[in-house]
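Everything below concerns the one structure shown next.
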Amino acid sequence: MNVLLGLAGSDESITALRRTIDRTSEIGDDLTVAVLEKADTERSQEEMYRQAEKLLSEAEVDAELERLQGDPGASLVDYAEQGEFDQLVIGGGTISPMGKIQLGSLTEFVLLNAPTTVKLVR
Amino acid sequence: MPDRVYPDGTSGPFPAPPTTDTDQSGREIEYRVVEKFAGEALEDTVEMYVEFDPTDRAQGIPPTGEERIRNWLEAIAESSVNVVARHGEDVVGHAVLVPDVDDPAAVGDVGEIEWELAIFVLQAYQESGIGTQLLKHLLGHADELGIRHVWLTVERWNTPAIALYERVGFEPTGTESFEQEMGILLE
Ligand SMILES: CC(C)(COP(=O)(O)OP(=O)(O)OC[C@H]1O[C@@H](n2cnc3c(N)ncnc32)[C@H](O)[C@@H]1OP(=O)(O)O)[C@@H](O)C(=O)NCCC(=O)NCCS
């Protein structure tokens with residue numbers, strides 16, 4: 001399967017990255033990792049890019065690594081449309097103090113607009 | 001300081017518990033603070049959620065199954081503020097505030113931090129005015145404690161709940177996706 005992983009700067013993105021790397025080394029999917037430009041997150045795009053590079057090489061997974069500029073949702077969906085991807089993976093869903101699941105606006109945009117199956121890693 | 005955007009003006013005053021009144025179906029309902037959310041008080045509330053119809057769940061809560069319900073309530077019990085609606089011996093509604101901080105034990109002034117609100121009324125008791133009363137009494141009690149910033153999220157299509165929140169003074173904070181985030185500022 002040809003998988004595209006979109007990474008913002010959140011903790012959920014790190015979780016999605018780790019899980020996707022594990023799955024890729026197990027199954028042997030083709031993986032492309034797109035690092036998004038997103039303001040107001042815990043990590044900058046550059047930090048996230050380096051983190052992805054490090055985890056991929058530690059796991060000895062051979063993946064395409066890309067930086068996407070501009071609005072994170074629009075740039076990711078646009079990139080997905082231009083490639084031949086079977087699945088788009090994003091991290092999403094935080095848990096509030098109450099225990100409520102909350103999906104952010106990036107998650108909503110991607111679920112509603114992506115041309116492919118979307119996998120939401122929680 | 002609060003991270004979210006709250007209304008410029010304050011809302012209130014709200015009635016404080018305990019209160020007993022008659023709902024729109026003629027049932028006598030008591031609104032009461034649960035000082036210590038443990039033991040029997042906790043078990044009565046677990047029982048309410050066991051009865052709760054899962055089609056009315058909101059963003060994953062309440063969980064289903066007695067064990068998961070108890071774990072959820074125990075996890076928030078320690079530092080939460082709770083008001084219940086009782087009909088006779090039964091808990092038929094529950095409204096709760098949970099502090100939005102990593103370490104609730106370290107909170108000095110409850111007025112400085114933000115509190116997340118949730119409210120549930122058992123299906124057989126809905127649309128009788130209990131939700132409105134319960135919400136007002138929780139806010140009245142919160143006000144007594146010195147709490148000022150209360151927020152919640154609600155699924156965008158849950159129009160009865162959104163209308164209820166707006167009526168007491170909640171306003172959208174600007175953050176929305178599948179959920180609408182709303183906030184209220186107490187006096
Ligand atoms: C939201 C909730 C707490 C409201 O409790 P309630 O006891 O039904 O509330 P009230 O009877 O005070 O009703 C408040 C208003 O909403 C209206 N309303 C309540 N449920 C409604 C429904 N299903 N459809 C249309 N209107 C509804 C009532 O008519 C009333 O309006 P009015 O004052 O103009 O007559 C309750 O419906 C509930 O527990 N829902 C499931 C959980 C949930 O969604 N919680 C909110 C997110 S945490």
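So you can find residues: chains in the structure tokens are A, B, ... in the order shown, residues in each start at 1, and ligands are numbered from 1 in order.
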
Spatial neighbours of A:Thr116, 10 Å, only C-alpha atoms, chain gap at least 2 places, as an MDAnalysis selection string: chainID A and resid 4 77 80:81 84:89 110:111 113:114 118:119

What would the file look like if the residues just selected were written as a short mmCIF file (atom, residue, chain, number, x, y, z; two decimals), in the first residue's frame with N, CA and C atoms?
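Listed below is the output, selection-v3.cif:
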data_model
loop_
_atom_site.label_atom_id
_atom_site.label_comp_id
_atom_site.auth_asym_id
_atom_site.auth_seq_id
_atom_site.Cartn_x
_atom_site.Cartn_y
_atom_site.Cartn_z
N LEU A 4 0.53 7.95 2.78
CA LEU A 4 0.99 9.32 3.02
C LEU A 4 0.68 9.69 4.47
N VAL A 77 -3.94 17.94 1.65
CA VAL A 77 -4.94 17.35 0.76
C VAL A 77 -4.52 17.52 -0.71
N ALA A 80 -1.89 15.03 -1.43
CA ALA A 80 -2.48 13.69 -1.53
C ALA A 80 -3.15 13.50 -2.90
N GLU A 81 -3.76 14.56 -3.39
CA GLU A 81 -4.46 14.47 -4.67
C GLU A 81 -3.50 14.29 -5.84
N GLU A 84 -0.24 9.09 -5.87
CA GLU A 84 -1.06 7.88 -6.02
C GLU A 84 -1.13 7.19 -4.67
N PHE A 85 -1.78 7.82 -3.73
CA PHE A 85 -1.80 7.25 -2.39
C PHE A 85 -3.07 6.45 -2.13
N ASP A 86 -2.91 5.35 -1.39
CA ASP A 86 -4.08 4.54 -1.02
C ASP A 86 -4.65 4.99 0.32
N GLN A 87 -3.79 5.59 1.12
CA GLN A 87 -4.24 5.97 2.45
C GLN A 87 -3.50 7.20 2.95
N LEU A 88 -4.26 8.07 3.61
CA LEU A 88 -3.67 9.25 4.23
C LEU A 88 -3.80 9.08 5.74
N VAL A 89 -2.68 9.18 6.44
CA VAL A 89 -2.68 8.98 7.89
C VAL A 89 -2.39 10.30 8.59
N VAL A 110 -9.22 17.52 6.88
CA VAL A 110 -8.67 16.39 6.14
C VAL A 110 -9.74 15.30 5.94
N LEU A 111 -10.51 15.01 6.99
CA LEU A 111 -11.55 13.98 6.86
C LEU A 111 -12.57 14.36 5.79
N ASN A 113 -12.14 16.51 3.21
CA ASN A 113 -11.64 16.89 1.90
C ASN A 113 -10.70 15.90 1.22
N ALA A 114 -10.16 14.96 1.97
CA ALA A 114 -9.17 14.07 1.37
C ALA A 114 -9.79 13.17 0.32
N VAL A 118 -8.90 7.87 4.99
CA VAL A 118 -8.10 8.58 6.00
C VAL A 118 -8.02 7.72 7.25
N LYS A 119 -6.80 7.56 7.76
CA LYS A 119 -6.64 6.83 9.02
C LYS A 119 -6.27 7.84 10.09
#

Produce as a PyMOL selection string the set of residues near ligand 1, where near means within 6 Å with only C-alpha atoms and all ligand atoms considered. chain B and resi 56-58+118-121+126-132+154+160-161+164

Next, the residues of the selection above should be written as an mmCIF file, in the first residue's frame with N, CA, C and O atoms.
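And here's result_2.cif as it stands now:
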data_model
loop_
_atom_site.group_PDB
_atom_site.id
_atom_site.type_symbol
_atom_site.label_atom_id
_atom_site.label_comp_id
_atom_site.auth_asym_id
_atom_site.auth_seq_id
_atom_site.Cartn_x
_atom_site.Cartn_y
_atom_site.Cartn_z
ATOM 1 N N ASP B 56 -27.000 8.911 23.351
ATOM 2 C CA ASP B 56 -26.852 10.289 23.825
ATOM 3 C C ASP B 56 -25.449 10.591 24.337
ATOM 4 O O ASP B 56 -25.225 11.620 24.965
ATOM 5 N N ARG B 57 -24.497 9.696 24.075
ATOM 6 C CA ARG B 57 -23.122 9.963 24.510
ATOM 7 C C ARG B 57 -22.602 11.183 23.778
ATOM 8 O O ARG B 57 -23.003 11.471 22.655
ATOM 9 N N ALA B 58 -21.680 11.897 24.426
ATOM 10 C CA ALA B 58 -21.108 13.084 23.807
ATOM 11 C C ALA B 58 -19.584 12.974 23.820
ATOM 12 O O ALA B 58 -18.979 12.906 24.888
ATOM 13 N N ALA B 118 -19.398 19.473 32.074
ATOM 14 C CA ALA B 118 -20.233 18.505 31.344
ATOM 15 C C ALA B 118 -21.527 18.296 32.119
ATOM 16 O O ALA B 118 -21.559 18.458 33.336
ATOM 17 N N ILE B 119 -22.582 17.971 31.402
ATOM 18 C CA ILE B 119 -23.883 17.752 32.037
ATOM 19 C C ILE B 119 -24.641 16.636 31.317
ATOM 20 O O ILE B 119 -24.626 16.562 30.088
ATOM 21 N N PHE B 120 -25.269 15.770 32.109
ATOM 22 C CA PHE B 120 -26.059 14.681 31.545
ATOM 23 C C PHE B 120 -27.340 14.519 32.345
ATOM 24 O O PHE B 120 -27.318 14.535 33.578
ATOM 25 N N VAL B 121 -28.436 14.370 31.620
ATOM 26 C CA VAL B 121 -29.725 14.093 32.263
ATOM 27 C C VAL B 121 -30.238 12.778 31.686
ATOM 28 O O VAL B 121 -30.201 12.570 30.460
ATOM 29 N N GLN B 126 -35.381 13.925 30.565
ATOM 30 C CA GLN B 126 -35.027 15.061 29.702
ATOM 31 C C GLN B 126 -36.266 15.853 29.279
ATOM 32 O O GLN B 126 -37.386 15.353 29.366
ATOM 33 N N GLU B 127 -36.024 17.061 28.807
ATOM 34 C CA GLU B 127 -37.072 17.962 28.318
ATOM 35 C C GLU B 127 -38.151 18.259 29.352
ATOM 36 O O GLU B 127 -39.320 18.392 29.022
ATOM 37 N N SER B 128 -37.739 18.299 30.625
ATOM 38 C CA SER B 128 -38.675 18.663 31.691
ATOM 39 C C SER B 128 -38.134 19.822 32.510
ATOM 40 O O SER B 128 -38.604 20.078 33.615
ATOM 41 N N GLY B 129 -37.085 20.448 31.990
ATOM 42 C CA GLY B 129 -36.514 21.593 32.696
ATOM 43 C C GLY B 129 -35.398 21.247 33.670
ATOM 44 O O GLY B 129 -34.793 22.139 34.271
ATOM 45 N N ILE B 130 -35.109 19.967 33.830
ATOM 46 C CA ILE B 130 -34.101 19.552 34.813
ATOM 47 C C ILE B 130 -32.694 19.983 34.389
ATOM 48 O O ILE B 130 -31.911 20.484 35.193
ATOM 49 N N GLY B 131 -32.377 19.817 33.083
ATOM 50 C CA GLY B 131 -31.056 20.213 32.593
ATOM 51 C C GLY B 131 -30.762 21.681 32.867
ATOM 52 O O GLY B 131 -29.672 22.050 33.323
ATOM 53 N N THR B 132 -31.744 22.517 32.606
ATOM 54 C CA THR B 132 -31.584 23.955 32.834
ATOM 55 C C THR B 132 -31.327 24.250 34.315
ATOM 56 O O THR B 132 -30.386 24.976 34.659
ATOM 57 N N VAL B 154 -19.098 21.068 22.779
ATOM 58 C CA VAL B 154 -20.338 20.360 22.474
ATOM 59 C C VAL B 154 -20.357 20.085 20.980
ATOM 60 O O VAL B 154 -19.861 20.888 20.189
ATOM 61 N N PRO B 160 -30.000 21.273 20.955
ATOM 62 C CA PRO B 160 -30.667 21.518 22.244
ATOM 63 C C PRO B 160 -29.663 21.920 23.320
ATOM 64 O O PRO B 160 -29.901 22.867 24.088
ATOM 65 N N ALA B 161 -28.516 21.248 23.340
ATOM 66 C CA ALA B 161 -27.508 21.556 24.357
ATOM 67 C C ALA B 161 -26.925 22.958 24.118
ATOM 68 O O ALA B 161 -26.781 23.737 25.062
ATOM 69 N N LEU B 164 -29.309 25.571 25.256
ATOM 70 C CA LEU B 164 -29.331 25.608 26.718
ATOM 71 C C LEU B 164 -28.139 26.400 27.253
ATOM 72 O O LEU B 164 -28.278 27.274 28.117
#

Would you tabulate, counting only C-alpha atoms, all residues of chain A that have an atom at most 9 Å from an atom of chain B, showing the closest pair of atoms and their distance in Å to one decimal, sorted by chain then ascending number, as JSON lines?
{"residue": "A:Ser96", "atom": "CA", "partner": "B:Asp100", "partner_atom": "CA", "distance": 8.2}
{"residue": "A:Pro97", "atom": "CA", "partner": "B:Asp100", "partner_atom": "CA", "distance": 5.8}
{"residue": "A:Met98", "atom": "CA", "partner": "B:Val98", "partner_atom": "CA", "distance": 6.1}
{"residue": "A:Gly99", "atom": "CA", "partner": "B:Ile61", "partner_atom": "CA", "distance": 6.9}
{"residue": "A:Lys100", "atom": "CA", "partner": "B:Gln59", "partner_atom": "CA", "distance": 5.2}
{"residue": "A:Ile101", "atom": "CA", "partner": "B:Gln59", "partner_atom": "CA", "distance": 5.1}
{"residue": "A:Gln102", "atom": "CA", "partner": "B:Gln59", "partner_atom": "CA", "distance": 7.0}
{"residue": "A:Leu103", "atom": "CA", "partner": "B:Phe178", "partner_atom": "CA", "distance": 6.7}
{"residue": "A:Gly104", "atom": "CA", "partner": "B:Ser177", "partner_atom": "CA", "distance": 5.9}
{"residue": "A:Ser105", "atom": "CA", "partner": "B:Ser177", "partner_atom": "CA", "distance": 4.8}
{"residue": "A:Leu106", "atom": "CA", "partner": "B:Ser177", "partner_atom": "CA", "distance": 8.4}
{"residue": "A:Thr107", "atom": "CA", "partner": "B:Ser177", "partner_atom": "CA", "distance": 8.4}
{"residue": "A:Glu108", "atom": "CA", "partner": "B:Ser177", "partner_atom": "CA", "distance": 6.2}
{"residue": "A:Phe109", "atom": "CA", "partner": "B:Ser177", "partner_atom": "CA", "distance": 8.5}

Go ahead and save the residues from that selection, with N, CA, C and O atoms, as a PDB file, in the first residue's frame.
ATOM      1  N   SER A  96      -9.812  15.709  26.567  1.00  0.00           N
ATOM      2  CA  SER A  96      -9.948  16.874  27.455  1.00  0.00           C
ATOM      3  C   SER A  96      -9.825  16.407  28.912  1.00  0.00           C
ATOM      4  O   SER A  96      -9.894  15.218  29.193  1.00  0.00           O
ATOM      5  N   PRO A  97      -9.675  17.357  29.853  1.00  0.00           N
ATOM      6  CA  PRO A  97      -9.609  16.971  31.271  1.00  0.00           C
ATOM      7  C   PRO A  97     -10.815  16.119  31.687  1.00  0.00           C
ATOM      8  O   PRO A  97     -10.697  15.209  32.504  1.00  0.00           O
ATOM      9  N   MET A  98     -11.962  16.397  31.099  1.00  0.00           N
ATOM     10  CA  MET A  98     -13.193  15.656  31.392  1.00  0.00           C
ATOM     11  C   MET A  98     -13.155  14.241  30.851  1.00  0.00           C
ATOM     12  O   MET A  98     -13.895  13.374  31.288  1.00  0.00           O
ATOM     13  N   GLY A  99     -12.305  14.016  29.846  1.00  0.00           N
ATOM     14  CA  GLY A  99     -12.267  12.721  29.189  1.00  0.00           C
ATOM     15  C   GLY A  99     -12.966  12.738  27.835  1.00  0.00           C
ATOM     16  O   GLY A  99     -13.161  11.710  27.219  1.00  0.00           O
ATOM     17  N   LYS A 100     -13.330  13.929  27.385  1.00  0.00           N
ATOM     18  CA  LYS A 100     -13.985  14.043  26.080  1.00  0.00           C
ATOM     19  C   LYS A 100     -12.966  13.992  24.964  1.00  0.00           C
ATOM     20  O   LYS A 100     -11.897  14.587  25.060  1.00  0.00           O
ATOM     21  N   ILE A 101     -13.329  13.332  23.888  1.00  0.00           N
ATOM     22  CA  ILE A 101     -12.470  13.295  22.711  1.00  0.00           C
ATOM     23  C   ILE A 101     -12.723  14.554  21.895  1.00  0.00           C
ATOM     24  O   ILE A 101     -13.868  14.898  21.619  1.00  0.00           O
ATOM     25  N   GLN A 102     -11.639  15.234  21.524  1.00  0.00           N
ATOM     26  CA  GLN A 102     -11.778  16.442  20.721  1.00  0.00           C
ATOM     27  C   GLN A 102     -10.961  16.312  19.459  1.00  0.00           C
ATOM     28  O   GLN A 102      -9.797  15.933  19.505  1.00  0.00           O
ATOM     29  N   LEU A 103     -11.590  16.607  18.335  1.00  0.00           N
ATOM     30  CA  LEU A 103     -10.883  16.586  17.065  1.00  0.00           C
ATOM     31  C   LEU A 103     -10.647  18.020  16.631  1.00  0.00           C
ATOM     32  O   LEU A 103     -11.542  18.846  16.703  1.00  0.00           O
ATOM     33  N   GLY A 104      -9.443  18.308  16.191  1.00  0.00           N
ATOM     34  CA  GLY A 104      -9.124  19.685  15.817  1.00  0.00           C
ATOM     35  C   GLY A 104      -9.599  20.031  14.414  1.00  0.00           C
ATOM     36  O   GLY A 104     -10.132  19.200  13.688  1.00  0.00           O
ATOM     37  N   SER A 105      -9.378  21.281  14.031  1.00  0.00           N
ATOM     38  CA  SER A 105      -9.875  21.742  12.736  1.00  0.00           C
ATOM     39  C   SER A 105      -9.103  21.127  11.570  1.00  0.00           C
ATOM     40  O   SER A 105      -9.662  20.892  10.506  1.00  0.00           O
ATOM     41  N   LEU A 106      -7.814  20.819  11.790  1.00  0.00           N
ATOM     42  CA  LEU A 106      -7.035  20.165  10.732  1.00  0.00           C
ATOM     43  C   LEU A 106      -7.626  18.781  10.447  1.00  0.00           C
ATOM     44  O   LEU A 106      -7.815  18.391   9.296  1.00  0.00           O
ATOM     45  N   THR A 107      -7.930  18.050  11.525  1.00  0.00           N
ATOM     46  CA  THR A 107      -8.526  16.721  11.381  1.00  0.00           C
ATOM     47  C   THR A 107      -9.833  16.809  10.605  1.00  0.00           C
ATOM     48  O   THR A 107     -10.075  16.044   9.678  1.00  0.00           O
ATOM     49  N   GLU A 108     -10.652  17.755  10.998  1.00  0.00           N
ATOM     50  CA  GLU A 108     -11.934  17.882  10.312  1.00  0.00           C
ATOM     51  C   GLU A 108     -11.736  18.186   8.829  1.00  0.00           C
ATOM     52  O   GLU A 108     -12.357  17.567   7.973  1.00  0.00           O
ATOM     53  N   PHE A 109     -10.849  19.104   8.529  1.00  0.00           N
ATOM     54  CA  PHE A 109     -10.618  19.480   7.136  1.00  0.00           C
ATOM     55  C   PHE A 109     -10.164  18.275   6.321  1.00  0.00           C
ATOM     56  O   PHE A 109     -10.656  18.024   5.215  1.00  0.00           O
TER      57      PHE A 109
END

Run DSSP on the backbone and tell me which residues of stretch 4-180 of chain B come out as helix (DSSP H, G or I); list them as an NGL selection string. :B and (39-51 or 54-56 or 66-77 or 104-106 or 123-125 or 130-145 or 159-168)

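You will find atom CA of B:Gly26 at 22.6 Å from atom CA of B:Thr45.
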
List the neighbours of A:Glu37 out to 9 Å using only C-alpha atoms; skip same-chain residues closer than 6 positions along the sequence, and give me the result as a ChimeraX atom specification. /A:7-9,44-45,67-72,75

What are the DSSP strand (DSSP E) residues of stretch 16-118 of chain A, as a list in words? Asp30, Leu31, Thr32, Val33, Ala34, Val35, Glu64, Leu65, Glu66, Arg67, Gln87, Leu88, Val89, Ile90, Gly91, Thr94, Ile95, Ile101, Gln102, Thr117 and Val118 of chain A

For N, CA and C atoms, I'd like the residues from the last selection saved as a JSON list (two decimals), in the first residue's frame.
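Resulting contents of result.json:
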[["chain", "number", "residue", "atom", "x", "y", "z"],
["A", 30, "ASP", "N", 4.78, 1.42, 1.16],
["A", 30, "ASP", "CA", 5.55, 2.57, 0.68],
["A", 30, "ASP", "C", 5.10, 3.77, 1.49],
["A", 31, "LEU", "N", 6.06, 4.51, 2.02],
["A", 31, "LEU", "CA", 5.68, 5.61, 2.91],
["A", 31, "LEU", "C", 6.24, 6.95, 2.45],
["A", 32, "THR", "N", 5.35, 7.95, 2.46],
["A", 32, "THR", "CA", 5.77, 9.33, 2.26],
["A", 32, "THR", "C", 5.35, 10.11, 3.51],
["A", 33, "VAL", "N", 6.28, 10.88, 4.05],
["A", 33, "VAL", "CA", 5.95, 11.68, 5.23],
["A", 33, "VAL", "C", 5.98, 13.16, 4.84],
["A", 34, "ALA", "N", 4.84, 13.83, 5.03],
["A", 34, "ALA", "CA", 4.75, 15.26, 4.70],
["A", 34, "ALA", "C", 4.70, 16.05, 6.00],
["A", 35, "VAL", "N", 5.68, 16.92, 6.19],
["A", 35, "VAL", "CA", 5.73, 17.72, 7.42],
["A", 35, "VAL", "C", 5.07, 19.06, 7.13],
["A", 64, "GLU", "N", 10.02, 8.73, 1.73],
["A", 64, "GLU", "CA", 10.15, 10.09, 1.20],
["A", 64, "GLU", "C", 9.81, 11.07, 2.31],
["A", 65, "LEU", "N", 10.58, 12.11, 2.47],
["A", 65, "LEU", "CA", 10.29, 13.10, 3.50],
["A", 65, "LEU", "C", 10.18, 14.47, 2.83],
["A", 66, "GLU", "N", 9.02, 15.12, 3.07],
["A", 66, "GLU", "CA", 8.73, 16.39, 2.38],
["A", 66, "GLU", "C", 8.32, 17.47, 3.37],
["A", 67, "ARG", "N", 8.66, 18.71, 3.05],
["A", 67, "ARG", "CA", 8.09, 19.84, 3.80],
["A", 67, "ARG", "C", 7.00, 20.46, 2.93],
["A", 87, "GLN", "N", -3.79, 5.59, 1.12],
["A", 87, "GLN", "CA", -4.24, 5.97, 2.45],
["A", 87, "GLN", "C", -3.50, 7.20, 2.95],
["A", 88, "LEU", "N", -4.26, 8.07, 3.61],
["A", 88, "LEU", "CA", -3.67, 9.25, 4.23],
["A", 88, "LEU", "C", -3.80, 9.08, 5.74],
["A", 89, "VAL", "N", -2.68, 9.18, 6.44],
["A", 89, "VAL", "CA", -2.68, 8.98, 7.89],
["A", 89, "VAL", "C", -2.39, 10.30, 8.59],
["A", 90, "ILE", "N", -3.20, 10.63, 9.59],
["A", 90, "ILE", "CA", -2.90, 11.78, 10.44],
["A", 90, "ILE", "C", -3.13, 11.40, 11.90],
["A", 91, "GLY", "N", -2.46, 12.13, 12.78],
["A", 91, "GLY", "CA", -2.72, 11.95, 14.21],
["A", 91, "GLY", "C", -3.81, 12.92, 14.57],
["A", 94, "THR", "N", -7.55, 14.70, 20.77],
["A", 94, "THR", "CA", -6.96, 14.87, 22.09],
["A", 94, "THR", "C", -8.05, 14.55, 23.10],
["A", 95, "ILE", "N", -7.65, 14.29, 24.33],
["A", 95, "ILE", "CA", -8.60, 13.99, 25.38],
["A", 95, "ILE", "C", -8.63, 15.18, 26.33],
["A", 101, "ILE", "N", -13.33, 13.33, 23.89],
["A", 101, "ILE", "CA", -12.47, 13.29, 22.71],
["A", 101, "ILE", "C", -12.72, 14.55, 21.90],
["A", 102, "GLN", "N", -11.64, 15.23, 21.52],
["A", 102, "GLN", "CA", -11.78, 16.44, 20.72],
["A", 102, "GLN", "C", -10.96, 16.31, 19.46],
["A", 117, "THR", "N", -8.88, 7.18, 1.55],
["A", 117, "THR", "CA", -9.21, 6.72, 2.89],
["A", 117, "THR", "C", -8.32, 7.46, 3.88],
["A", 118, "VAL", "N", -8.90, 7.87, 4.99],
["A", 118, "VAL", "CA", -8.10, 8.58, 6.00],
["A", 118, "VAL", "C", -8.02, 7.72, 7.25]]

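Proximity to A:Lys38 was assessed for A:Gly83, A:Lys54, A:Leu112, A:Ser10 counting only C-alpha atoms; the smallest distance is recorded for A:Ser10.
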
Residues near B:Arg4, cut-off 12 Å, only C-alpha atoms, skip fewer than 5 positions along chain, as a ChimeraX atom specification: /B:100,113-116,149-152,171-175,181-185

Straight-line distance linking atom CA of B:Pro18 with atom CA of B:Ala142, stated in Å to one decimal: 13.2 Å

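The nearest approach to A:Arg50 among the residues A:Leu76, A:Ile14, A:Gly28, A:Arg23, with only C-alpha atoms taken into account, belongs to A:Ile14.
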